[in-house]
$ cat entry-v1.txt   # compact mmCIF, N, CA and C atoms
# COMPACT_ATOMS: atom_id res chain seq x y z
N MET A 72 -2.38 -23.24 -2.28
CA MET A 72 -2.12 -21.81 -2.21
C MET A 72 -3.40 -20.99 -2.39
N GLU A 73 -4.32 -21.48 -3.24
CA GLU A 73 -5.56 -20.74 -3.48
C GLU A 73 -6.38 -20.55 -2.21
N GLN A 74 -6.47 -21.61 -1.41
CA GLN A 74 -7.23 -21.53 -0.17
C GLN A 74 -6.53 -20.57 0.80
N ASN A 75 -5.21 -20.65 0.88
CA ASN A 75 -4.43 -19.76 1.72
C ASN A 75 -4.59 -18.32 1.25
N GLN A 76 -4.55 -18.12 -0.07
CA GLN A 76 -4.72 -16.79 -0.65
C GLN A 76 -6.09 -16.23 -0.30
N ALA A 77 -7.11 -17.05 -0.37
CA ALA A 77 -8.47 -16.61 -0.04
C ALA A 77 -8.56 -16.16 1.42
N LYS A 78 -7.90 -16.89 2.31
CA LYS A 78 -7.89 -16.52 3.73
C LYS A 78 -7.19 -15.19 3.95
N ILE A 79 -6.07 -15.01 3.27
CA ILE A 79 -5.31 -13.76 3.39
C ILE A 79 -6.14 -12.59 2.88
N LEU A 80 -6.71 -12.76 1.69
CA LEU A 80 -7.52 -11.69 1.12
C LEU A 80 -8.73 -11.38 1.99
N GLN A 81 -9.28 -12.38 2.63
CA GLN A 81 -10.41 -12.16 3.54
C GLN A 81 -9.99 -11.26 4.71
N LYS A 82 -8.77 -11.44 5.20
CA LYS A 82 -8.27 -10.59 6.27
C LYS A 82 -8.02 -9.16 5.79
N PHE A 83 -7.74 -9.00 4.50
CA PHE A 83 -7.49 -7.68 3.93
C PHE A 83 -8.78 -7.01 3.43
N LYS A 84 -9.86 -7.74 3.40
CA LYS A 84 -11.12 -7.25 2.83
C LYS A 84 -11.56 -5.87 3.35
N PRO A 85 -11.45 -5.58 4.65
CA PRO A 85 -11.88 -4.25 5.12
C PRO A 85 -11.10 -3.10 4.47
N PHE A 86 -9.93 -3.38 3.94
CA PHE A 86 -9.09 -2.35 3.35
C PHE A 86 -9.12 -2.38 1.83
N LEU A 87 -9.85 -3.34 1.31
CA LEU A 87 -10.05 -3.48 -0.14
C LEU A 87 -11.55 -3.50 -0.43
N TRP A 88 -12.29 -2.73 0.33
CA TRP A 88 -13.75 -2.77 0.31
C TRP A 88 -14.37 -2.50 -1.05
N SER A 89 -13.70 -1.76 -1.92
CA SER A 89 -14.30 -1.45 -3.22
C SER A 89 -13.92 -2.46 -4.31
N PHE A 90 -13.25 -3.52 -3.92
CA PHE A 90 -12.80 -4.53 -4.88
C PHE A 90 -13.45 -5.87 -4.57
N ASP A 91 -13.64 -6.65 -5.62
CA ASP A 91 -14.16 -8.00 -5.46
C ASP A 91 -12.96 -8.90 -5.16
N ILE A 92 -12.76 -9.21 -3.89
CA ILE A 92 -11.56 -9.97 -3.51
C ILE A 92 -11.55 -11.39 -4.07
N SER A 93 -12.72 -11.90 -4.45
CA SER A 93 -12.75 -13.24 -5.03
C SER A 93 -12.08 -13.27 -6.41
N LYS A 94 -11.93 -12.10 -7.01
CA LYS A 94 -11.28 -12.01 -8.33
C LYS A 94 -9.84 -11.48 -8.23
N MET A 95 -9.39 -11.23 -7.02
CA MET A 95 -8.04 -10.70 -6.84
C MET A 95 -7.02 -11.83 -6.69
N ASP A 96 -5.80 -11.52 -7.07
CA ASP A 96 -4.68 -12.44 -6.94
C ASP A 96 -3.58 -11.72 -6.17
N ILE A 97 -3.00 -12.38 -5.19
CA ILE A 97 -2.00 -11.75 -4.33
C ILE A 97 -0.80 -11.25 -5.13
N GLN A 98 -0.41 -11.93 -6.16
CA GLN A 98 0.74 -11.49 -6.96
C GLN A 98 0.34 -10.48 -8.04
N LYS A 99 -0.73 -10.77 -8.77
CA LYS A 99 -1.14 -9.87 -9.86
C LYS A 99 -1.61 -8.52 -9.35
N ASN A 100 -2.19 -8.48 -8.17
CA ASN A 100 -2.76 -7.25 -7.62
C ASN A 100 -1.93 -6.70 -6.45
N LYS A 101 -0.65 -7.04 -6.41
CA LYS A 101 0.16 -6.66 -5.25
C LYS A 101 0.29 -5.15 -5.09
N LYS A 102 0.36 -4.41 -6.16
CA LYS A 102 0.48 -2.95 -6.05
C LYS A 102 -0.74 -2.37 -5.33
N ARG A 103 -1.93 -2.82 -5.73
CA ARG A 103 -3.17 -2.36 -5.11
C ARG A 103 -3.25 -2.81 -3.66
N ILE A 104 -2.94 -4.06 -3.40
CA ILE A 104 -3.02 -4.60 -2.04
C ILE A 104 -2.05 -3.86 -1.12
N ILE A 105 -0.81 -3.72 -1.54
CA ILE A 105 0.19 -3.04 -0.71
C ILE A 105 -0.22 -1.60 -0.46
N THR A 106 -0.65 -0.90 -1.50
CA THR A 106 -1.06 0.50 -1.35
C THR A 106 -2.20 0.63 -0.35
N ASN A 107 -3.23 -0.18 -0.50
CA ASN A 107 -4.38 -0.07 0.40
C ASN A 107 -4.05 -0.44 1.84
N ILE A 108 -3.25 -1.48 2.02
CA ILE A 108 -2.93 -1.89 3.39
C ILE A 108 -2.05 -0.85 4.07
N LEU A 109 -1.07 -0.32 3.36
CA LEU A 109 -0.21 0.71 3.97
C LEU A 109 -0.98 2.00 4.25
N ASN A 110 -1.99 2.29 3.45
CA ASN A 110 -2.80 3.48 3.64
C ASN A 110 -3.85 3.33 4.73
N LEU A 111 -4.51 2.18 4.75
CA LEU A 111 -5.71 2.02 5.56
C LEU A 111 -5.62 0.92 6.62
N GLY A 112 -4.62 0.09 6.51
CA GLY A 112 -4.55 -1.12 7.33
C GLY A 112 -4.23 -0.91 8.80
N THR A 113 -4.64 -1.88 9.57
CA THR A 113 -4.34 -1.93 11.00
C THR A 113 -2.93 -2.49 11.18
N LYS A 114 -2.46 -2.52 12.40
CA LYS A 114 -1.15 -3.12 12.69
C LYS A 114 -1.15 -4.59 12.28
N GLU A 115 -2.23 -5.29 12.59
CA GLU A 115 -2.32 -6.70 12.24
C GLU A 115 -2.25 -6.90 10.73
N ALA A 116 -2.92 -6.04 9.99
CA ALA A 116 -2.91 -6.15 8.52
C ALA A 116 -1.54 -5.84 7.95
N THR A 117 -0.87 -4.82 8.49
CA THR A 117 0.47 -4.50 7.98
C THR A 117 1.48 -5.59 8.37
N ASP A 118 1.31 -6.17 9.55
CA ASP A 118 2.19 -7.28 9.95
C ASP A 118 2.03 -8.45 8.97
N LEU A 119 0.80 -8.76 8.60
CA LEU A 119 0.54 -9.83 7.64
C LEU A 119 1.11 -9.47 6.27
N LEU A 120 0.98 -8.23 5.87
CA LEU A 120 1.52 -7.76 4.59
C LEU A 120 3.03 -8.03 4.50
N PHE A 121 3.74 -7.74 5.60
CA PHE A 121 5.18 -7.94 5.62
C PHE A 121 5.56 -9.42 5.67
N LYS A 122 4.63 -10.28 6.03
CA LYS A 122 4.89 -11.72 5.98
C LYS A 122 4.68 -12.27 4.57
N ILE A 123 3.79 -11.64 3.83
CA ILE A 123 3.44 -12.11 2.49
C ILE A 123 4.41 -11.59 1.44
N TYR A 124 4.74 -10.31 1.53
CA TYR A 124 5.59 -9.68 0.52
C TYR A 124 6.97 -9.36 1.10
N ASP A 125 7.95 -9.45 0.25
CA ASP A 125 9.31 -9.09 0.59
C ASP A 125 9.37 -7.59 0.89
N LYS A 126 10.19 -7.23 1.84
CA LYS A 126 10.33 -5.82 2.23
C LYS A 126 10.73 -4.95 1.03
N LYS A 127 11.56 -5.48 0.15
CA LYS A 127 11.97 -4.74 -1.05
C LYS A 127 10.78 -4.43 -1.95
N GLU A 128 9.87 -5.40 -2.07
CA GLU A 128 8.68 -5.20 -2.90
C GLU A 128 7.78 -4.12 -2.31
N ILE A 129 7.61 -4.14 -1.00
CA ILE A 129 6.78 -3.13 -0.34
C ILE A 129 7.41 -1.76 -0.50
N LYS A 130 8.71 -1.68 -0.29
CA LYS A 130 9.42 -0.41 -0.44
C LYS A 130 9.27 0.13 -1.86
N LYS A 131 9.34 -0.75 -2.83
CA LYS A 131 9.20 -0.36 -4.25
C LYS A 131 7.85 0.34 -4.48
N GLN A 132 6.81 -0.16 -3.84
CA GLN A 132 5.49 0.45 -4.01
C GLN A 132 5.42 1.84 -3.37
N VAL A 133 6.17 2.04 -2.29
CA VAL A 133 6.21 3.35 -1.64
C VAL A 133 7.06 4.31 -2.47
N GLU A 134 8.13 3.81 -3.07
CA GLU A 134 8.98 4.65 -3.92
C GLU A 134 8.27 5.08 -5.20
N ASN A 135 7.37 4.25 -5.68
CA ASN A 135 6.63 4.52 -6.92
C ASN A 135 5.13 4.50 -6.63
N PRO A 136 4.66 5.48 -5.86
CA PRO A 136 3.27 5.45 -5.41
C PRO A 136 2.27 5.69 -6.54
N LEU A 137 1.11 5.08 -6.38
CA LEU A 137 0.02 5.32 -7.33
C LEU A 137 -0.50 6.73 -7.09
N PRO A 138 -0.42 7.61 -8.08
CA PRO A 138 -0.90 8.99 -7.90
C PRO A 138 -2.38 9.03 -7.53
N GLY A 139 -2.68 9.87 -6.55
CA GLY A 139 -4.06 10.04 -6.12
C GLY A 139 -4.59 8.94 -5.20
N GLU A 140 -3.77 7.96 -4.91
CA GLU A 140 -4.22 6.82 -4.11
C GLU A 140 -3.72 6.86 -2.68
N TRP A 141 -2.76 7.72 -2.40
CA TRP A 141 -2.13 7.73 -1.09
C TRP A 141 -2.63 8.86 -0.21
N ASN A 142 -2.80 8.55 1.04
CA ASN A 142 -3.05 9.55 2.08
C ASN A 142 -1.68 10.18 2.36
N ASP A 143 -1.63 11.51 2.42
CA ASP A 143 -0.35 12.20 2.64
C ASP A 143 0.39 11.70 3.88
N LYS A 144 -0.33 11.55 4.97
CA LYS A 144 0.31 11.12 6.22
C LYS A 144 0.85 9.71 6.10
N SER A 145 0.11 8.83 5.44
CA SER A 145 0.57 7.45 5.27
C SER A 145 1.82 7.40 4.40
N LEU A 146 1.82 8.14 3.30
CA LEU A 146 2.97 8.13 2.41
C LEU A 146 4.20 8.72 3.11
N ASN A 147 4.00 9.79 3.86
CA ASN A 147 5.12 10.35 4.62
C ASN A 147 5.65 9.35 5.65
N TYR A 148 4.74 8.71 6.36
CA TYR A 148 5.13 7.73 7.39
C TYR A 148 5.97 6.61 6.78
N TRP A 149 5.46 5.98 5.72
CA TRP A 149 6.17 4.84 5.12
C TRP A 149 7.45 5.29 4.43
N SER A 150 7.49 6.53 3.94
CA SER A 150 8.73 7.05 3.36
C SER A 150 9.81 7.16 4.44
N ILE A 151 9.42 7.56 5.63
CA ILE A 151 10.36 7.64 6.76
C ILE A 151 10.81 6.23 7.16
N ILE A 152 9.86 5.31 7.27
CA ILE A 152 10.18 3.93 7.66
C ILE A 152 11.18 3.30 6.69
N PHE A 153 10.98 3.54 5.40
CA PHE A 153 11.84 2.94 4.38
C PHE A 153 13.01 3.84 3.97
N GLU A 154 13.14 4.97 4.65
CA GLU A 154 14.22 5.93 4.38
C GLU A 154 14.24 6.34 2.91
N ILE A 155 13.09 6.76 2.41
CA ILE A 155 12.95 7.22 1.04
C ILE A 155 12.94 8.74 1.06
N GLU A 156 13.75 9.33 0.20
CA GLU A 156 13.81 10.80 0.14
C GLU A 156 12.46 11.34 -0.31
N SER A 157 12.04 12.44 0.31
CA SER A 157 10.72 12.99 -0.01
C SER A 157 10.61 13.47 -1.45
N LYS A 158 11.73 13.82 -2.07
CA LYS A 158 11.66 14.29 -3.46
C LYS A 158 11.17 13.19 -4.40
N LYS A 159 11.32 11.92 -4.00
CA LYS A 159 10.84 10.82 -4.83
C LYS A 159 9.32 10.67 -4.76
N THR A 160 8.73 11.07 -3.66
CA THR A 160 7.29 10.86 -3.48
C THR A 160 6.48 12.14 -3.44
N LYS A 161 7.10 13.29 -3.34
CA LYS A 161 6.34 14.52 -3.11
C LYS A 161 5.40 14.89 -4.26
N HIS A 162 5.66 14.43 -5.48
CA HIS A 162 4.77 14.72 -6.59
C HIS A 162 3.37 14.12 -6.37
N VAL A 163 3.28 13.17 -5.49
CA VAL A 163 2.00 12.49 -5.23
C VAL A 163 1.24 13.18 -4.09
N LEU A 164 1.95 13.87 -3.22
CA LEU A 164 1.33 14.46 -2.03
C LEU A 164 0.49 15.68 -2.38
N ARG A 165 -0.70 15.73 -1.82
CA ARG A 165 -1.60 16.87 -2.05
C ARG A 165 -1.01 18.16 -1.51
N TYR A 166 -0.31 18.08 -0.39
CA TYR A 166 0.27 19.27 0.22
C TYR A 166 1.19 19.99 -0.76
N PHE A 167 2.07 19.26 -1.41
CA PHE A 167 3.00 19.87 -2.33
C PHE A 167 2.31 20.36 -3.59
N ARG A 168 1.30 19.67 -4.06
CA ARG A 168 0.57 20.11 -5.25
C ARG A 168 -0.16 21.40 -4.97
N ARG A 169 -0.75 21.55 -3.79
CA ARG A 169 -1.46 22.77 -3.41
C ARG A 169 -0.49 23.94 -3.31
N LYS A 170 0.65 23.69 -2.72
CA LYS A 170 1.63 24.73 -2.44
C LYS A 170 2.17 25.35 -3.74
N LYS A 171 2.32 24.54 -4.79
CA LYS A 171 2.84 25.02 -6.06
C LYS A 171 1.92 26.05 -6.70
N ASN A 172 0.62 25.83 -6.62
CA ASN A 172 -0.36 26.67 -7.33
C ASN A 172 -0.52 28.02 -6.72

$ encode --input "entry-v1.txt" --output "structure tokens"
Amino acid sequence: MEQNQAKILQKFKPFLWSFDISKMDIQKNKKRIITNILNLGTKEATDLLFKIYDKKEIKKQVENPLPGEWNDKSLNYWSIIFEIESKKTKHVLRYFRRKKN
């Protein structure tokens, strides 16, 4: 599994550029990996993500986004894909934070 994990992380490296992937673990760092791939990943990277993680796990990360880590358009897109109500994620979106002030 370690060798397979290293190959997977190598494919994700362009989207985890600020992290030392040699120290990452697919399970321990899944929140970071899922967030970065959904935000920055290519179609190939997102396809691989859905092969590695259960759809429920990926949806969970979109429902409970890391504040300040999501691109508004990406979060909106994945919220639509997973049919997540915007009220669950809007506290993270810059658009809504700006509008309040």

$ closest_residue --input "entry-v1.txt" --among "A:Gln132, A:Ser93, A:Gln81, A:Gln74" --to "Phe153 in chain A" --atoms "only C-alpha atoms"
A:Gln132

$ closest_residue --input "entry-v1.txt" --among "A:Tyr124, A:Arg103, A:Ser89, A:Glu134" --to "Glu156 in chain A" --atoms "all atoms listed in the file"
A:Glu134

$ closest_residue --input "entry-v1.txt" --among "A:Ile151, A:Leu80, A:Pro85, A:Glu140" --to "Gly112 in chain A" --atoms "only N, CA and C atoms"
A:Pro85

$ closest_residue --input "entry-v1.txt" --among "A:Ile79, A:Leu109, A:Lys122, A:Asp96" --to "Leu146 in chain A" --atoms "only N, CA and C atoms"
A:Leu109

$ atom_distance --input "entry-v1.txt" --atom1 "CA of Asn107 in chain A" --atom2 "CA of Ile155 in chain A"
18.8 Å

$ select_by_dssp --input "entry-v1.txt" --residues "range 75-132 of chain A" --states "helix (DSSP H, G or I)" --output "VMD selection string"
chain A and resid 75 to 86 92 to 94 101 to 111 114 to 123 126 to 132

$ atom_distance --input "entry-v1.txt" --atom1 "CA of Gly139 in chain A" --atom2 "CA of Lys78 in chain A"
28.6 Å

$ atom_distance --input "entry-v1.txt" --atom1 "CA of Asn110 in chain A" --atom2 "CA of Gln98 in chain A"
18.7 Å

$ axis_aligned_box --input "entry-v1.txt" --around "range 110-118 of chain A" --padding-each-side "4 Å" --output "lines of an AutoDock Vina configuration file"
center_x = -1.8
center_y = -2.5
center_z = 8.1
size_x = 15.9
size_y = 19.9
size_z = 17.2

$ closest_residue --input "entry-v1.txt" --among "A:Lys84, A:Lys144, A:Lys130, A:Lys114" --to "Lys102 in chain A" --atoms "only C-alpha atoms"
A:Lys130

$ closest_residue --input "entry-v1.txt" --among "A:Lys82, A:Asp125, A:Leu111, A:Gln76" --to "Ile97 in chain A" --atoms "all atoms listed in the file"
A:Gln76
